[in-house]
Amino acid sequence: MKIMRFIRLFLISTLTVSSLVLLDACSDGAEVISVETELYRMRTTDHLFSPQTYMLKQYSGFHREGLNPDRLQCLYEVDGWRVVADWKGKGVVSRIWTTNHNIVWGDIKVEVDDKIIYEGDALKFFNQEKIPFVQPVSAIFEVDEEESAWGNENEKLNKWAVSYVPIPFTKRFRFMQKDTIYTNINIKEFPEETRIVSFNDTDWEKLESHFNETSNSWKNFPLSKDDYGYISLKETMKVPASKEGAVSEIELADITEKGVIRGIKLKLNDESIRDSLNPERSFNLCVYWDNEMQPSICSPVLHGFGSFKEQTMALGTSEDKWQYMYFPGPFMKNARVTVKSNIEAVVSLSYEIIYEKVENLSPDFLYLRSYANTGIFRSGVDSIGNMEYPIGDFFYNVGYSALDITGTGHVVAYLDLFHCQPELDEHIFIDDERIFPDNSWNGTGHEDLFDMAWGHKPRSTPMTSGGSEEFDEVNVKLFWSDPMPFRKAVKFNWEWSYKFAQEPPRDARFASVVYFYSKP
């Protein structure tokens, strides 16, 4: 009943807001961005395979010399306020994450287009219990008493908050703090010709139904495709045992008409097979678009479909043990879906491929792709090398690369199995960026990317899930309303260590999958 209720809400919201989006287009063809259009993106999918017109930047308290902790530095200070983010131009704030560092949460000030929209306790900002800051779009999390903080952090550090409430602005956005608080803020930068309806000019009464629809969609995830009138290819089959570890490939489906794959679901009927998988024993689902010779998607069943215990809107495992992926995959001629295996045992596999026939696809649509990688840093064996200030391109060249490609497109999800200290930061270099700290995205710790704090916790939320730093549970991060665009190239790196004068205190190990859209 929960799934059916969500489907009805989803279809209603699609019809209502589609009309809104069409009305929101200017006669001169210029793009119009508003709270309404951003809410639409938060609960639908077709924008994911269209080119994005913005660039994404993260502001945070990351240490400008590559050290730790990541809350002491800011852009500048004014009148007793520490300015964490200050963006001049046109844009949309798509995510604000913050946590406290003592029992009392400090004051913040949020400024949109020269107007202070909030000043006061940060905890209350995320818990206003009124539109637009309603759960679960804006939420506060707590650490249970039995859950200890990582390392030697103060045990009183037990709350953090995240807001995905869209905040469009036309001239300027600033986020300020009184205290040294961990904070990450994502901003979409739009071209000057973009028409933006400021957060300050929004008719909140008019938007009440749209917020309710978005909130209901987020409460009733995953984004099920079970009953849309689409075509379903569903079967159970035996995948033969691999001979002497050689990789064999078995075809599941070959769709030979223009369309969009709306969902792929898998179930390993023998859980002992699943439990025996590791990144070196491959059992991968692969997808070939439009007669490709090599697959665009080749995702390990072990960690390429999200957590075995938790769920997000697009990736995870359902209550009846089906692993699912609900990213849309458009194609012009055909889509061939296969399984590649080197498992030396017969695997009983149930699968379902849900797709939609279409007559027209926009000529600029992008193909869904995946990038899988593994890496390990062994303490006492490997070395991060010597570094002298300024850091320069150190973080570009040294560390674990979860994604390193050239082309044009945008990232929509990051997944990993992870074993090392969760304080390690992500450093992402877009297009021609090479030099830290001038690149667009610098994180403040592994768990922070997944909307967590003080270590990983088991969580199912619309945009993030997982909860492990012991290489036994998949961590998932979706870039949903704000895919991360690149025009020439993207390199997604993790630190091996934030202490350059000494080797890391323990091994660092990653096995990651990144989903992105791009042209061939």
# chains A, B, ... in the order shown; residues from 1 in each chain; ligands from 1
>>> residues_around(residues="region 417-430 of chain A", least_positions_apart="3", cutoff="8 Å", atoms="only C-alpha atoms", output="JSON, numbers by chain")
{"A": [68, 303, 395, 396, 433, 434, 439, 440, 441, 442, 443, 444, 445, 446, 447, 455, 468, 469, 470, 471, 472, 473, 474, 475, 486, 487, 488, 489, 490, 491, 492, 493, 494, 495, 496, 497, 498, 506, 507, 508, 509, 510, 511, 512]}
>>> select_by_dssp(residues="region 371-507 of chain A", states="helix (DSSP H, G or I)", output="JSON, numbers by chain")
{"A": [394, 395, 396, 397, 446, 447, 448, 449]}
>>> write_last_selection(atoms="N, CA and C atoms", output="short mmCIF file (atom, residue, chain, number, x, y, z; two decimals), in the first residue's frame")
data_model
loop_
_atom_site.label_atom_id
_atom_site.label_comp_id
_atom_site.auth_asym_id
_atom_site.auth_seq_id
_atom_site.Cartn_x
_atom_site.Cartn_y
_atom_site.Cartn_z
N PHE A 394 49.13 18.70 -5.57
CA PHE A 394 49.34 17.47 -4.79
C PHE A 394 48.07 16.63 -4.73
N PHE A 395 46.94 17.23 -4.35
CA PHE A 395 45.70 16.47 -4.21
C PHE A 395 45.16 15.99 -5.54
N TYR A 396 45.55 16.64 -6.63
CA TYR A 396 45.13 16.18 -7.95
C TYR A 396 45.87 14.90 -8.32
N ASN A 397 47.13 14.79 -7.91
CA ASN A 397 47.96 13.67 -8.34
C ASN A 397 48.08 12.54 -7.31
N HIS A 446 34.83 11.98 4.96
CA HIS A 446 34.07 10.99 4.21
C HIS A 446 32.61 10.94 4.63
N GLU A 447 32.34 10.88 5.93
CA GLU A 447 30.96 10.73 6.38
C GLU A 447 30.13 11.98 6.09
N ASP A 448 30.78 13.15 5.98
CA ASP A 448 30.05 14.38 5.73
C ASP A 448 29.38 14.36 4.35
N LEU A 449 30.04 13.74 3.37
CA LEU A 449 29.47 13.64 2.03
C LEU A 449 28.13 12.90 2.07
#
>>> residues_around(residues="Phe175 (chain A)", least_positions_apart="6", cutoff="7 Å", atoms="only C-alpha atoms", output="list in words")
Val83, Val84, Ala85, Asp86, Lys109, Val110 and Glu111 of chain A
>>> write_last_selection(atoms="C-alpha atoms", output="tab-separated table (two decimals), in the first residue's frame")
chain	number	residue	atom	x	y	z
A	83	VAL	CA	31.47	33.94	6.52
A	84	VAL	CA	31.51	30.35	5.21
A	85	ALA	CA	29.82	31.01	1.84
A	86	ASP	CA	29.60	34.20	-0.21
A	109	LYS	CA	22.88	34.16	9.69
A	110	VAL	CA	21.52	33.43	6.20
A	111	GLU	CA	21.40	36.27	3.67
>>> residues_around(residues="Asp275 (chain A)", least_positions_apart="5", cutoff="12 Å", atoms="only C-alpha atoms", output="ChimeraX atom specification")
/A:268-270,281,301-303,308,472-473
>>> write_last_selection(atoms="N, CA, C and O atoms", output="mmCIF file, in the first residue's frame")
data_model
loop_
_atom_site.group_PDB
_atom_site.id
_atom_site.type_symbol
_atom_site.label_atom_id
_atom_site.label_comp_id
_atom_site.auth_asym_id
_atom_site.auth_seq_id
_atom_site.Cartn_x
_atom_site.Cartn_y
_atom_site.Cartn_z
ATOM 1 N N LEU A 268 19.774 -11.991 -5.913
ATOM 2 C CA LEU A 268 20.571 -13.213 -5.813
ATOM 3 C C LEU A 268 19.829 -14.152 -4.874
ATOM 4 O O LEU A 268 19.701 -13.874 -3.681
ATOM 5 N N ASN A 269 19.319 -15.247 -5.423
ATOM 6 C CA ASN A 269 18.428 -16.111 -4.652
ATOM 7 C C ASN A 269 19.153 -16.942 -3.609
ATOM 8 O O ASN A 269 18.521 -17.462 -2.683
ATOM 9 N N ASP A 270 20.451 -17.075 -3.752
ATOM 10 C CA ASP A 270 21.269 -17.744 -2.745
ATOM 11 C C ASP A 270 22.117 -16.683 -2.054
ATOM 12 O O ASP A 270 23.098 -16.191 -2.615
ATOM 13 N N ARG A 281 36.128 -10.776 -6.931
ATOM 14 C CA ARG A 281 35.282 -11.840 -7.478
ATOM 15 C C ARG A 281 34.092 -11.163 -8.133
ATOM 16 O O ARG A 281 33.112 -10.828 -7.495
ATOM 17 N N VAL A 301 27.539 -6.234 -8.580
ATOM 18 C CA VAL A 301 26.356 -6.471 -7.766
ATOM 19 C C VAL A 301 26.682 -6.280 -6.288
ATOM 20 O O VAL A 301 25.831 -5.884 -5.491
ATOM 21 N N LEU A 302 27.946 -6.502 -5.908
ATOM 22 C CA LEU A 302 28.342 -6.351 -4.517
ATOM 23 C C LEU A 302 28.099 -4.942 -4.001
ATOM 24 O O LEU A 302 27.546 -4.750 -2.920
ATOM 25 N N HIS A 303 28.500 -3.916 -4.767
ATOM 26 C CA HIS A 303 28.396 -2.555 -4.252
ATOM 27 C C HIS A 303 27.918 -1.542 -5.280
ATOM 28 O O HIS A 303 27.875 -0.349 -4.985
ATOM 29 N N PHE A 308 22.993 -3.229 0.959
ATOM 30 C CA PHE A 308 22.180 -4.435 1.123
ATOM 31 C C PHE A 308 21.161 -4.271 2.245
ATOM 32 O O PHE A 308 20.255 -5.089 2.394
ATOM 33 N N ASP A 472 32.135 -3.253 4.853
ATOM 34 C CA ASP A 472 31.127 -4.303 4.866
ATOM 35 C C ASP A 472 29.729 -3.793 4.549
ATOM 36 O O ASP A 472 28.787 -4.558 4.553
ATOM 37 N N GLU A 473 29.579 -2.512 4.270
ATOM 38 C CA GLU A 473 28.273 -1.965 3.921
ATOM 39 C C GLU A 473 28.470 -0.786 2.980
ATOM 40 O O GLU A 473 29.351 0.055 3.188
#
>>> select_by_dssp(residues="region 103-330 of chain A", states="strand (DSSP E)", output="MDAnalysis selection string")
chainID A and resid 107:112 115:121 138:142 159:163 167:169 172:177 183:189 195:196 231:239 248:255 259:268 283:289 297:300 315:317 323:325 329:330
>>> residues_around(residues="Ile185 (chain A)", least_positions_apart="2", cutoff="9 Å", atoms="only C-alpha atoms", output="ChimeraX atom specification")
/A:57-60,84-85,93-98,175,183,187
>>> closest_residue(among="A:Arg64, A:Val476, A:Glu189, A:Thr37", to="Asp438 (chain A)", atoms="only C-alpha atoms")
A:Arg64
>>> closest_atom_pairs(of="region 246-358 of chain A", to="region 197-221 of chain A", cutoff="9 Å", atoms="only C-alpha atoms", output="JSON lines")
{"residue": "A:Gln311", "atom": "CA", "partner": "A:Phe221", "partner_atom": "CA", "distance": 7.9}
{"residue": "A:Thr312", "atom": "CA", "partner": "A:Phe221", "partner_atom": "CA", "distance": 6.7}
{"residue": "A:Met313", "atom": "CA", "partner": "A:Phe221", "partner_atom": "CA", "distance": 5.2}
{"residue": "A:Ala314", "atom": "CA", "partner": "A:Phe221", "partner_atom": "CA", "distance": 8.4}
>>> residues_around(residues="region 46-54 of chain A", least_positions_apart="2", cutoff="10 Å", atoms="only C-alpha atoms", output="PyMOL selection string")
chain A and resi 31+40-42+44+56-57+90-92+187-191+194+260+262+327-330+362-368+408-412+479-486+516-519
>>> residues_around(residues="Pro295 (chain A)", least_positions_apart="5", cutoff="6 Å", atoms="only C-alpha atoms", output="VMD selection string")
chain A and resid 286 to 288
>>> closest_residue(among="A:Lys178, A:Asn278, A:Ile250, A:Ile353", to="Val78 (chain A)", atoms="only C-alpha atoms")
A:Lys178
